[in-house]
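K.L.:
See run13.txt below, with compact mmCIF, C-alpha atoms.
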# COMPACT_ATOMS: atom_id res chain seq x y z
CA MET I 83 -14.75 -17.75 -1.87
CA MET I 84 -16.63 -20.71 -0.34
CA GLU I 85 -13.37 -22.15 0.95
CA ALA I 86 -12.65 -18.92 2.82
CA LEU I 87 -16.05 -19.03 4.56
CA GLN I 88 -15.02 -22.08 6.57
CA PHE I 89 -12.89 -19.80 8.73
CA GLU I 90 -14.61 -17.76 11.44
CA PHE I 91 -12.34 -14.75 10.95
CA MET I 92 -13.37 -14.59 7.27
CA ARG I 93 -17.06 -14.81 8.13
CA ASN I 94 -16.55 -12.01 10.66
CA ALA I 95 -14.69 -9.98 8.03
CA PHE I 96 -17.49 -10.33 5.45
CA LEU I 97 -20.12 -9.38 8.02
CA THR I 98 -18.02 -6.39 9.06
CA ALA I 99 -17.74 -5.35 5.41
CA ILE I 100 -21.54 -5.20 5.14
CA LEU I 101 -21.91 -3.22 8.38
CA ALA I 102 -19.15 -0.81 7.38
CA SER I 103 -20.74 -0.31 3.95
CA ILE I 104 -24.05 0.69 5.54
CA CYS I 105 -22.27 3.30 7.62
CA CYS I 106 -20.24 4.58 4.65
CA GLY I 107 -23.27 4.73 2.38
CA VAL I 108 -25.34 6.73 4.84
CA ILE I 109 -22.72 9.17 6.17
CA GLY I 110 -20.38 9.27 3.17
CA VAL I 111 -23.13 10.79 1.02
CA TYR I 112 -23.41 13.81 3.31
CA ILE I 113 -19.63 14.15 3.56
CA VAL I 114 -19.34 14.29 -0.23
CA PHE I 115 -22.40 16.46 -0.91
CA LYS I 116 -21.52 18.87 1.92
CA ARG I 117 -17.82 18.85 0.98
CA MET I 118 -16.69 17.89 4.46
CA LEU I 119 -13.73 15.72 3.42
CA GLY I 120 -11.24 17.95 5.22
CA LEU I 121 -13.25 17.93 8.44
CA SER I 122 -13.66 14.17 8.24
CA GLY I 123 -9.94 13.68 7.74
CA GLY I 124 -9.21 15.89 10.74
CA ILE I 125 -11.60 13.88 12.92
CA ALA I 126 -10.13 10.58 11.73
CA HIS I 127 -6.55 11.57 12.54
CA ALA I 128 -7.41 13.35 15.79
CA ALA I 129 -8.95 10.04 16.87
CA PHE I 130 -5.42 8.68 17.31
CA GLY I 131 -5.37 10.52 20.64
CA GLY I 132 -8.25 8.28 21.76
CA ILE I 133 -6.30 5.19 20.69
CA GLY I 134 -3.31 6.32 22.73
CA LEU I 135 -5.60 7.00 25.71
CA GLY I 136 -6.95 3.45 25.52
CA TYR I 137 -3.47 1.95 25.61
CA PHE I 138 -2.49 4.25 28.48
CA LEU I 139 -5.56 3.29 30.56
CA GLY I 140 -5.19 -0.40 29.71
CA VAL I 141 -8.63 -0.75 28.07
CA ASN I 142 -9.81 -1.59 24.56
CA PRO I 143 -8.92 1.52 22.50
CA LEU I 144 -12.29 1.32 20.72
CA PHE I 145 -14.00 2.31 23.98
CA THR I 146 -11.85 5.42 24.42
CA VAL I 147 -11.64 6.45 20.77
CA LEU I 148 -15.45 6.81 20.61
CA PRO I 149 -15.83 9.68 23.16
CA PHE I 150 -12.49 11.16 22.08
CA SER I 151 -13.57 11.27 18.41
CA ILE I 152 -16.89 12.89 19.28
CA ALA I 153 -15.13 15.47 21.46
CA SER I 154 -12.65 16.18 18.66
CA ALA I 155 -15.46 16.51 16.11
CA LEU I 156 -17.37 18.97 18.29
CA GLY I 157 -14.16 20.88 19.03
CA ILE I 158 -13.28 21.22 15.34
CA GLY I 159 -16.82 22.30 14.53
CA PHE I 160 -17.05 24.80 17.39
CA VAL I 161 -13.69 26.46 16.68
CA SER I 162 -14.38 26.51 12.92
CA ARG I 163 -17.71 28.28 13.35
CA ARG I 164 -17.00 30.52 16.33
CA SER I 165 -13.43 31.73 15.73
CA LYS I 166 -11.81 33.78 13.00
CA LEU I 167 -9.47 30.93 12.10
CA PRO I 168 -9.92 29.44 8.62
CA GLU I 169 -11.49 25.98 8.70
CA ASP I 170 -8.43 24.25 7.23
CA THR I 171 -6.25 25.82 9.93
CA THR I 172 -8.55 24.52 12.67
CA ILE I 173 -8.54 21.05 11.11
CA GLY I 174 -4.74 21.07 10.97
CA ILE I 175 -4.48 22.06 14.64
CA PHE I 176 -6.77 19.30 15.89
CA TRP I 177 -5.20 16.81 13.46
CA ALA I 178 -1.70 17.51 14.82
CA LEU I 179 -2.73 17.70 18.50
CA GLY I 180 -4.64 14.40 18.35
CA MET I 181 -1.75 12.58 16.69
CA ALA I 182 0.81 14.08 19.08
CA LEU I 183 -1.26 13.23 22.16
CA GLY I 184 -1.70 9.65 20.97
CA ILE I 185 2.03 9.22 20.38
CA ILE I 186 2.91 10.59 23.83
CA LEU I 187 0.35 8.41 25.64
CA ILE I 188 1.53 5.29 23.82
CA LYS I 189 5.13 6.17 24.67
CA MET I 190 4.17 6.54 28.34
CA THR I 191 2.43 3.14 28.37
CA PRO I 192 4.64 0.37 29.81
CA GLY I 193 5.40 -2.53 27.49
CA TYR I 194 4.55 -3.02 23.83
CA ALA I 195 1.39 -1.60 22.21
CA PRO I 196 -0.28 -4.54 20.45
CA ASP I 197 -2.32 -4.05 17.24
CA LEU I 198 -1.16 -0.45 16.87
CA PHE I 199 -0.37 -0.99 13.18
CA GLY I 200 -3.89 -2.36 12.73
CA TYR I 201 -5.46 0.82 14.10
CA LEU I 202 -3.37 2.91 11.70
CA PHE I 203 -3.86 0.85 8.54
CA GLY I 204 -6.67 -1.51 9.50
CA ASN I 205 -6.98 -5.28 9.64
CA ILE I 206 -10.52 -6.44 9.11
CA LEU I 207 -9.40 -10.05 9.62
CA THR I 208 -8.86 -9.39 13.33
CA VAL I 209 -12.41 -8.14 14.00
CA THR I 210 -14.04 -9.97 16.91
CA ILE I 211 -17.67 -10.74 17.70
CA ALA I 212 -17.62 -7.93 20.29
CA ASP I 213 -16.43 -5.50 17.59
CA ILE I 214 -19.25 -6.64 15.29
CA TRP I 215 -21.88 -6.05 17.99
CA LEU I 216 -20.45 -2.58 18.62
CA MET I 217 -20.55 -1.81 14.89
CA LEU I 218 -24.13 -3.10 14.67
CA VAL I 219 -25.24 -0.81 17.51
CA LEU I 220 -23.49 2.18 15.93
CA ASP I 221 -25.01 1.33 12.53
CA VAL I 222 -28.52 1.24 13.97
CA LEU I 223 -27.92 4.53 15.81
CA ILE I 224 -26.60 6.25 12.67
CA VAL I 225 -29.44 4.99 10.45
CA LEU I 226 -32.14 6.00 12.97
CA ILE I 227 -30.73 9.51 13.42
CA VAL I 228 -30.36 10.08 9.67
CA ALA I 229 -33.85 8.70 8.96
CA PHE I 230 -35.36 10.98 11.59
CA LEU I 231 -33.53 14.08 10.29
CA TYR I 232 -33.55 13.11 6.59
CA ASN I 233 -35.53 16.05 5.19
CA ASP I 234 -33.64 18.63 7.23
CA LEU I 235 -30.30 17.03 6.30
CA LEU I 236 -31.32 17.06 2.65
CA SER I 237 -32.00 20.79 2.75
CA PHE I 238 -28.87 21.45 4.83
CA SER I 239 -26.62 19.49 2.45
CA PHE I 240 -27.62 21.27 -0.75
CA ASP I 241 -28.23 24.85 0.43
CA GLU I 242 -27.37 25.76 4.01
CA GLU I 243 -28.50 29.38 3.71
CA PHE I 244 -31.89 28.37 2.30
CA ALA I 245 -32.24 25.83 5.10
CA ARG I 246 -31.47 28.51 7.69
CA VAL I 247 -34.04 30.90 6.20
CA SER I 248 -36.59 28.06 6.14
CA GLY I 249 -36.24 27.63 9.89
CA VAL I 250 -34.02 24.56 9.88
CA ALA I 251 -31.66 24.36 12.89
CA VAL I 252 -28.51 24.31 10.76
CA ASN I 253 -26.07 24.55 13.68
CA PHE I 254 -27.69 21.55 15.36
CA LEU I 255 -27.53 19.60 12.08
CA TYR I 256 -23.90 20.60 11.57
CA TYR I 257 -22.78 19.34 14.98
CA THR I 258 -24.97 16.24 14.65
CA LEU I 259 -23.37 15.42 11.32
CA LEU I 260 -19.90 15.85 12.82
CA CYS I 261 -20.81 13.43 15.61
CA LEU I 262 -22.09 10.91 13.05
CA VAL I 263 -18.80 11.22 11.17
CA ALA I 264 -16.98 10.52 14.45
CA LEU I 265 -19.11 7.41 15.01
CA SER I 266 -18.34 6.29 11.46
CA VAL I 267 -14.62 6.76 12.02
CA VAL I 268 -14.79 4.51 15.09
CA MET I 269 -16.55 1.83 13.04
CA LEU I 270 -14.07 1.95 10.17
CA ILE I 271 -10.80 2.03 12.13
CA LYS I 272 -10.67 -1.77 12.43
CA VAL I 273 -11.60 -2.16 8.74
CA VAL I 274 -9.09 0.05 6.90
CA GLY I 275 -7.46 2.07 9.69
CA MET I 276 -7.62 5.75 10.48
CA ILE I 277 -5.27 6.67 7.61
CA LEU I 278 -7.44 5.11 4.88
CA VAL I 279 -10.86 5.72 6.41
CA ILE I 280 -11.76 8.70 4.20
CA ALA I 281 -11.28 6.64 1.03
CA LEU I 282 -13.80 4.04 2.20
CA MET I 283 -16.32 6.76 3.03
CA THR I 284 -16.01 8.59 -0.29
CA LEU I 285 -15.17 6.17 -3.13
CA PRO I 286 -18.49 4.23 -3.06
CA VAL I 287 -20.37 7.54 -2.96
CA ALA I 288 -18.34 8.92 -5.86
CA MET I 289 -19.25 5.85 -7.89
CA ALA I 290 -22.92 6.05 -6.96
CA LYS I 291 -23.11 9.72 -8.00
CA GLN I 292 -22.20 8.68 -11.53
CA TYR I 293 -25.48 6.80 -11.87
CA THR I 294 -28.05 8.95 -10.06
CA HIS I 295 -28.72 12.48 -8.86
CA SER I 296 -31.12 11.40 -6.12
CA LEU I 297 -29.72 11.57 -2.59
CA ARG I 298 -31.75 8.56 -1.45
CA LYS I 299 -30.70 6.43 -4.44
CA THR I 300 -27.09 7.54 -3.96
CA ILE I 301 -27.21 6.18 -0.40
CA TYR I 302 -28.60 2.83 -1.57
CA LEU I 303 -26.09 2.47 -4.42
CA SER I 304 -23.21 3.48 -2.14
CA ILE I 305 -24.12 0.74 0.32
CA ILE I 306 -24.36 -1.85 -2.47
CA PHE I 307 -21.11 -0.80 -4.17
CA GLY I 308 -19.31 -0.58 -0.83
CA ALA I 309 -20.43 -4.04 0.34
CA ILE I 310 -19.60 -5.81 -2.94
CA LEU I 311 -16.23 -4.14 -3.44
CA THR I 312 -15.15 -4.41 0.21
CA ILE I 313 -15.94 -8.13 0.24
CA GLY I 314 -14.12 -8.42 -3.09
CA GLY I 315 -11.10 -6.67 -1.62
CA ILE I 316 -11.09 -9.04 1.36
CA TRP I 317 -11.20 -12.05 -0.95
CA ILE I 318 -8.35 -10.68 -3.11
CA SER I 319 -6.21 -10.02 -0.03
CA TYR I 320 -6.92 -13.55 1.23
CA ALA I 321 -6.14 -15.16 -2.13
CA PHE I 322 -2.88 -13.27 -2.76
CA ASN I 323 -1.81 -12.60 0.86
CA PHE I 324 -1.97 -8.81 0.47
CA ALA I 325 -2.54 -6.25 3.23
CA THR I 326 -6.31 -6.28 3.66
CA GLY I 327 -7.06 -2.61 4.31
CA ALA I 328 -4.91 -1.38 1.44
CA THR I 329 -6.34 -4.04 -0.89
CA ILE I 330 -9.90 -2.93 -0.09
CA ILE I 331 -9.05 0.67 -0.96
CA LEU I 332 -7.24 -0.32 -4.18
CA THR I 333 -10.23 -2.45 -5.19
CA LEU I 334 -12.56 0.49 -4.61
CA GLY I 335 -10.21 2.80 -6.50
CA ALA I 336 -9.94 0.43 -9.47
CA ALA I 337 -13.72 0.02 -9.58
CA PHE I 338 -14.20 3.80 -9.50
CA LEU I 339 -11.71 4.24 -12.35
CA LEU I 340 -13.41 1.57 -14.49
CA SER I 341 -16.81 3.06 -13.71
CA SER I 342 -15.60 6.52 -14.75
CA ILE I 343 -14.21 5.15 -18.02
CA TYR I 344 -17.46 3.32 -18.72
CA LYS I 345 -19.59 6.40 -18.02
CA ASN I 346 -17.35 8.55 -20.23
CA ILE I 347 -17.53 6.07 -23.13
CA ALA I 348 -21.30 5.76 -22.72
CA GLN I 349 -21.66 9.54 -22.73
CA GLN I 350 -19.56 9.89 -25.86
CA PHE I 351 -21.59 7.14 -27.54
CA ARG I 352 -24.86 8.91 -26.75
CA LYS I 353 -23.52 12.19 -28.16
CA ALA I 354 -22.42 10.39 -31.33
CA LYS I 355 -25.95 9.10 -31.88
Transcribe the structure of this file into structure tokens.
P.N.:
Amino acid sequence: MMEALQFEFMRNAFLTAILASICCGVIGVYIVFKRMLGLSGGIAHAAFGGIGLGYFLGVNPLFTVLPFSIASALGIGFVSRRSKLPEDTTIGIFWALGMALGIILIKMTPGYAPDLFGYLFGNILTVTIADIWLMLVLDVLIVLIVAFLYNDLLSFSFDEEFARVSGVAVNFLYYTLLCLVALSVVMLIKVVGMILVIALMTLPVAMAKQYTHSLRKTIYLSIIFGAILTIGGIWISYAFNFATGATIILTLGAAFLLSSIYKNIAQQFRKAK
């Protein structure tokens, strides 16, 4: 581990892992509790249109995927709530349109599209200082918004109808949460790619839920689990020359499986007593 820290790209990767874990811990909790995995997946894949737009305009795709992801999130939310279409149908439409638009724009771009594979499957080892600063700004923005709306989001996440009756602006919270998911997707694209992004946002939360029923404690544990396991996945990929994004997800998956086995054995032991 110490040997790896002599390289700047590894130091950047470890710092990125911490920033990404903060984002996943804060937003992933609401995605899991509110059962918004389908919506989040639709936003993540629709974001490919923003990547294609960046290549077509000749700018860093991260700068175009941000507004495109937010627009896609709001579009999915608006159509889901205002039309008669089932939510999964709306998600599928935006998912397909975003991917198709991205493919067409990349095809129309002269020359070769560099780092395209990295945006699909992630490569945390290529994160630059500029990317880290962008992630830090987005992290601060996400944490401040969630902290300010914490009580309303808590009520909204567990019982939307009760929150509505209590005077909580549930539609505002819904669209705000979708925008925060879009911001999170932008942060995580360079870490694990748009295809694996949902796993990074949900696995640490799923582990944390095994040890507490408190929303606040779930957020804290998710951040801790995410940071430790993501850094562990980076180190494993470096040591064995594996694909970094996939190794991070497999590390998280293995940890979740072991945690589930441990909790099941502990529960059986308590019943036996």
K.L.:
Which one of I:Ser165, I:Ser248, I:Met217, I:Asn253 sits closest to Ala99 (chain I) if you count all atoms listed in the file?
P.N.:
I:Met217
K.L.:
Considering all atoms listed in the file, can you say which of I:His127, I:Lys345, I:Arg352, I:Arg246 comes closest to Ile175 (chain I)?
P.N.:
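Of all the options, I:His127 lies closest to Ile175 (chain I).
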K.L.:
Can you work out the spacing between CA of Ser154 (chain I) and CA of Leu179 (chain I) in Å, to one decimal?
P.N.:
10.0 Å
K.L.:
Set the distance at 8 Å and use all atoms listed in the file: which residues neighbour Phe145 (chain I) once local chain neighbours fewer than 4 positions away are removed? I'd like the list as a PyMOL selection string.
P.N.:
chain I and resi 136+141+149
K.L.:
Write out as a PyMOL selection string which residues come within 8 Å of Phe307 (chain I) when counting only C-alpha atoms, dropping same-chain ones fewer than 2 positions away.
P.N.:
chain I and resi 286+289-290+303-305+309-311
K.L.:
Have a look at I:Ile104, I:Ile318, I:Ala288, I:Ile158 and name the one nearest to Gly180 (chain I); count all atoms listed in the file.
P.N.:
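Of I:Ile104, I:Ile318, I:Ala288, I:Ile158, the one nearest Gly180 (chain I) is I:Ile158, counting all atoms listed in the file.
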K.L.:
Have a look at CA of Ile277 (chain I) and CA of Phe130 (chain I) and let me know their distance in Å, one decimal.
P.N.:
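Distance between the two atoms: 9.9 Å.
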K.L.:
Between region 172-200 of chain I and region 266-272 of chain I, at 12 Å or less, what are the per-residue closest atom pairs and their distances in Å? Count all atoms listed in the file, order by chain and rising residue number, and return it as a tab-separated table.
P.N.:
residue	atom	partner	partner_atom	distance
I:Asp197	CA	I:Lys272	CA	9.9
I:Leu198	CA	I:Lys272	CA	10.6
I:Phe199	CA	I:Lys272	CA	10.4
I:Gly200	CA	I:Lys272	CA	6.8
K.L.:
Given the selection you just returned, output its residues as a file containing C-alpha atoms, formatted as a PDB file, keeping the file's coordinate frame.
P.N.:
ATOM      1  CA  ASP I 197      -2.320  -4.050  17.240  1.00  0.00           C
ATOM      2  CA  LEU I 198      -1.160  -0.450  16.870  1.00  0.00           C
ATOM      3  CA  PHE I 199      -0.370  -0.990  13.180  1.00  0.00           C
ATOM      4  CA  GLY I 200      -3.890  -2.360  12.730  1.00  0.00           C
TER       5      GLY I 200
END
K.L.:
May I ask for the distance between CA of Leu223 (chain I) and CA of Leu207 (chain I), given in Å to one decimal place?
P.N.:
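Interatomic distance, CA of Leu223 (chain I) to CA of Leu207 (chain I): 24.4 Å.
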K.L.:
With only C-alpha atoms as the counted atoms, please give the residues lying no more than 9 Å from region 295-297 of chain I, apart from itself and same-chain residues fewer than 4 positions off, as a list of chain:residue names.
P.N.:
I:Val111, I:Tyr112, I:Phe115, I:Leu236, I:Ala290, I:Lys291, I:Ile301, I:Tyr302
K.L.:
In the coordinates of the file, take the point (-18.9, -8.3, 7.3) and a cut-off of 10 Å; then, counting only C-alpha atoms, name each qualifying protein, DNA or RNA residue as a ChimeraX atom specification.
P.N.:
/I:91-103,206-207,209,214,273,309,312-313,316
K.L.:
Return the single residue from I:Ala128, I:Val247, I:Met283, I:Cys106 that is closest to Phe150 (chain I), with distances computed using all atoms listed in the file.
P.N.:
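That would be I:Ala128, the residue with the smallest distance to Phe150 (chain I).
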K.L.:
Could you name the residues that touch region 319-335 of chain I at 6 Å or less, counting only C-alpha atoms, but leaving out those on the same chain fewer than 5 positions away, as an MDAnalysis selection string?
P.N.:
chainID I and resid 204:205 274 312
K.L.:
Build an axis-aligned box that encloses every atom of region 272-291 of chain I listed in the file, pad it by 5 Å on each side, and report its centre and edge lengths in Å to one decimal, as JSON.
P.N.:
{"center_x": -14.2, "center_y": 3.8, "center_z": 2.2, "size_x": 27.8, "size_y": 21.9, "size_z": 30.4}
K.L.:
Which of these, I:Ile125, I:Leu285, I:Ile109, I:Val228, has the shortest distance to Gly157 (chain I) once you count all atoms listed in the file?
P.N.:
I:Ile125
K.L.:
Which residue out of I:Ile188, I:Leu202, I:Ala155, I:Leu262 has the minimum interatomic distance to Met276 (chain I) when all atoms listed in the file are used?
P.N.:
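Residue with the minimum atom-to-atom distance to Met276 (chain I): I:Leu202.
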K.L.:
Missing atoms in region 211-242 of chain I should be modelled up to N, CA and C atoms and reported as a PDB file, in the coordinates of the input.
P.N.:
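This went into result-v2.pdb:
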ATOM      1  N   ILE I 211     -16.212 -10.788  17.559  1.00  0.00           N
ATOM      2  CA  ILE I 211     -17.670 -10.740  17.700  1.00  0.00           C
ATOM      3  C   ILE I 211     -18.093  -9.490  18.480  1.00  0.00           C
ATOM      4  N   ALA I 212     -17.310  -9.145  19.507  1.00  0.00           N
ATOM      5  CA  ALA I 212     -17.620  -7.930  20.290  1.00  0.00           C
ATOM      6  C   ALA I 212     -17.542  -6.689  19.406  1.00  0.00           C
ATOM      7  N   ASP I 213     -16.550  -6.630  18.510  1.00  0.00           N
ATOM      8  CA  ASP I 213     -16.430  -5.500  17.590  1.00  0.00           C
ATOM      9  C   ASP I 213     -17.644  -5.431  16.656  1.00  0.00           C
ATOM     10  N   ILE I 214     -18.096  -6.589  16.195  1.00  0.00           N
ATOM     11  CA  ILE I 214     -19.250  -6.640  15.290  1.00  0.00           C
ATOM     12  C   ILE I 214     -20.502  -6.138  15.981  1.00  0.00           C
ATOM     13  N   TRP I 215     -20.704  -6.529  17.237  1.00  0.00           N
ATOM     14  CA  TRP I 215     -21.880  -6.050  17.990  1.00  0.00           C
ATOM     15  C   TRP I 215     -21.809  -4.539  18.185  1.00  0.00           C
ATOM     16  N   LEU I 216     -20.614  -4.028  18.472  1.00  0.00           N
ATOM     17  CA  LEU I 216     -20.450  -2.580  18.620  1.00  0.00           C
ATOM     18  C   LEU I 216     -20.770  -1.873  17.316  1.00  0.00           C
ATOM     19  N   MET I 217     -20.286  -2.400  16.196  1.00  0.00           N
ATOM     20  CA  MET I 217     -20.550  -1.810  14.890  1.00  0.00           C
ATOM     21  C   MET I 217     -22.036  -1.868  14.555  1.00  0.00           C
ATOM     22  N   LEU I 218     -22.696  -2.961  14.924  1.00  0.00           N
ATOM     23  CA  LEU I 218     -24.130  -3.100  14.670  1.00  0.00           C
ATOM     24  C   LEU I 218     -24.924  -2.033  15.432  1.00  0.00           C
ATOM     25  N   VAL I 219     -24.560  -1.830  16.687  1.00  0.00           N
ATOM     26  CA  VAL I 219     -25.240  -0.810  17.510  1.00  0.00           C
ATOM     27  C   VAL I 219     -25.025   0.571  16.912  1.00  0.00           C
ATOM     28  N   LEU I 220     -23.790   0.878  16.520  1.00  0.00           N
ATOM     29  CA  LEU I 220     -23.490   2.180  15.930  1.00  0.00           C
ATOM     30  C   LEU I 220     -24.210   2.362  14.597  1.00  0.00           C
ATOM     31  N   ASP I 221     -24.284   1.287  13.803  1.00  0.00           N
ATOM     32  CA  ASP I 221     -25.010   1.330  12.530  1.00  0.00           C
ATOM     33  C   ASP I 221     -26.480   1.690  12.747  1.00  0.00           C
ATOM     34  N   VAL I 222     -27.105   0.996  13.683  1.00  0.00           N
ATOM     35  CA  VAL I 222     -28.520   1.240  13.970  1.00  0.00           C
ATOM     36  C   VAL I 222     -28.720   2.681  14.434  1.00  0.00           C
ATOM     37  N   LEU I 223     -27.824   3.154  15.300  1.00  0.00           N
ATOM     38  CA  LEU I 223     -27.920   4.530  15.810  1.00  0.00           C
ATOM     39  C   LEU I 223     -27.786   5.541  14.675  1.00  0.00           C
ATOM     40  N   ILE I 224     -26.819   5.335  13.792  1.00  0.00           N
ATOM     41  CA  ILE I 224     -26.600   6.250  12.670  1.00  0.00           C
ATOM     42  C   ILE I 224     -27.803   6.263  11.731  1.00  0.00           C
ATOM     43  N   VAL I 225     -28.307   5.089  11.377  1.00  0.00           N
ATOM     44  CA  VAL I 225     -29.440   4.990  10.450  1.00  0.00           C
ATOM     45  C   VAL I 225     -30.685   5.646  11.042  1.00  0.00           C
ATOM     46  N   LEU I 226     -30.952   5.414  12.331  1.00  0.00           N
ATOM     47  CA  LEU I 226     -32.140   6.000  12.970  1.00  0.00           C
ATOM     48  C   LEU I 226     -32.055   7.525  13.008  1.00  0.00           C
ATOM     49  N   ILE I 227     -30.888   8.062  13.349  1.00  0.00           N
ATOM     50  CA  ILE I 227     -30.730   9.510  13.420  1.00  0.00           C
ATOM     51  C   ILE I 227     -30.901  10.133  12.031  1.00  0.00           C
ATOM     52  N   VAL I 228     -30.267   9.542  11.022  1.00  0.00           N
ATOM     53  CA  VAL I 228     -30.360  10.080   9.670  1.00  0.00           C
ATOM     54  C   VAL I 228     -31.796   9.966   9.133  1.00  0.00           C
ATOM     55  N   ALA I 229     -32.462   8.861   9.412  1.00  0.00           N
ATOM     56  CA  ALA I 229     -33.850   8.700   8.960  1.00  0.00           C
ATOM     57  C   ALA I 229     -34.753   9.743   9.599  1.00  0.00           C
ATOM     58  N   PHE I 230     -34.535  10.016  10.877  1.00  0.00           N
ATOM     59  CA  PHE I 230     -35.360  10.980  11.590  1.00  0.00           C
ATOM     60  C   PHE I 230     -35.128  12.409  11.080  1.00  0.00           C
ATOM     61  N   LEU I 231     -33.885  12.717  10.723  1.00  0.00           N
ATOM     62  CA  LEU I 231     -33.530  14.080  10.290  1.00  0.00           C
ATOM     63  C   LEU I 231     -33.357  14.179   8.774  1.00  0.00           C
ATOM     64  N   TYR I 232     -33.851  13.203   8.031  1.00  0.00           N
ATOM     65  CA  TYR I 232     -33.550  13.110   6.590  1.00  0.00           C
ATOM     66  C   TYR I 232     -33.895  14.379   5.828  1.00  0.00           C
ATOM     67  N   ASN I 233     -35.103  14.880   5.964  1.00  0.00           N
ATOM     68  CA  ASN I 233     -35.530  16.050   5.190  1.00  0.00           C
ATOM     69  C   ASN I 233     -34.708  17.290   5.532  1.00  0.00           C
ATOM     70  N   ASP I 234     -34.453  17.488   6.825  1.00  0.00           N
ATOM     71  CA  ASP I 234     -33.640  18.630   7.230  1.00  0.00           C
ATOM     72  C   ASP I 234     -32.199  18.494   6.722  1.00  0.00           C
ATOM     73  N   LEU I 235     -31.654  17.270   6.798  1.00  0.00           N
ATOM     74  CA  LEU I 235     -30.300  17.030   6.300  1.00  0.00           C
ATOM     75  C   LEU I 235     -30.214  17.232   4.799  1.00  0.00           C
ATOM     76  N   LEU I 236     -31.281  16.871   4.095  1.00  0.00           N
ATOM     77  CA  LEU I 236     -31.320  17.060   2.650  1.00  0.00           C
ATOM     78  C   LEU I 236     -31.226  18.539   2.309  1.00  0.00           C
ATOM     79  N   SER I 237     -32.027  19.341   2.973  1.00  0.00           N
ATOM     80  CA  SER I 237     -32.000  20.790   2.750  1.00  0.00           C
ATOM     81  C   SER I 237     -30.659  21.384   3.163  1.00  0.00           C
ATOM     82  N   PHE I 238     -30.139  20.952   4.301  1.00  0.00           N
ATOM     83  CA  PHE I 238     -28.870  21.450   4.830  1.00  0.00           C
ATOM     84  C   PHE I 238     -27.706  21.121   3.900  1.00  0.00           C
ATOM     85  N   SER I 239     -27.725  19.945   3.284  1.00  0.00           N
ATOM     86  CA  SER I 239     -26.620  19.490   2.450  1.00  0.00           C
ATOM     87  C   SER I 239     -26.511  20.260   1.149  1.00  0.00           C
ATOM     88  N   PHE I 240     -27.634  20.635   0.564  1.00  0.00           N
ATOM     89  CA  PHE I 240     -27.620  21.270  -0.750  1.00  0.00           C
ATOM     90  C   PHE I 240     -27.594  22.795  -0.687  1.00  0.00           C
ATOM     91  N   ASP I 241     -28.203  23.381   0.339  1.00  0.00           N
ATOM     92  CA  ASP I 241     -28.230  24.850   0.430  1.00  0.00           C
ATOM     93  C   ASP I 241     -28.424  25.242   1.895  1.00  0.00           C
ATOM     94  N   GLU I 242     -27.311  25.481   2.581  1.00  0.00           N
ATOM     95  CA  GLU I 242     -27.370  25.760   4.010  1.00  0.00           C
ATOM     96  C   GLU I 242     -28.088  27.077   4.298  1.00  0.00           C
TER      97      GLU I 242
END
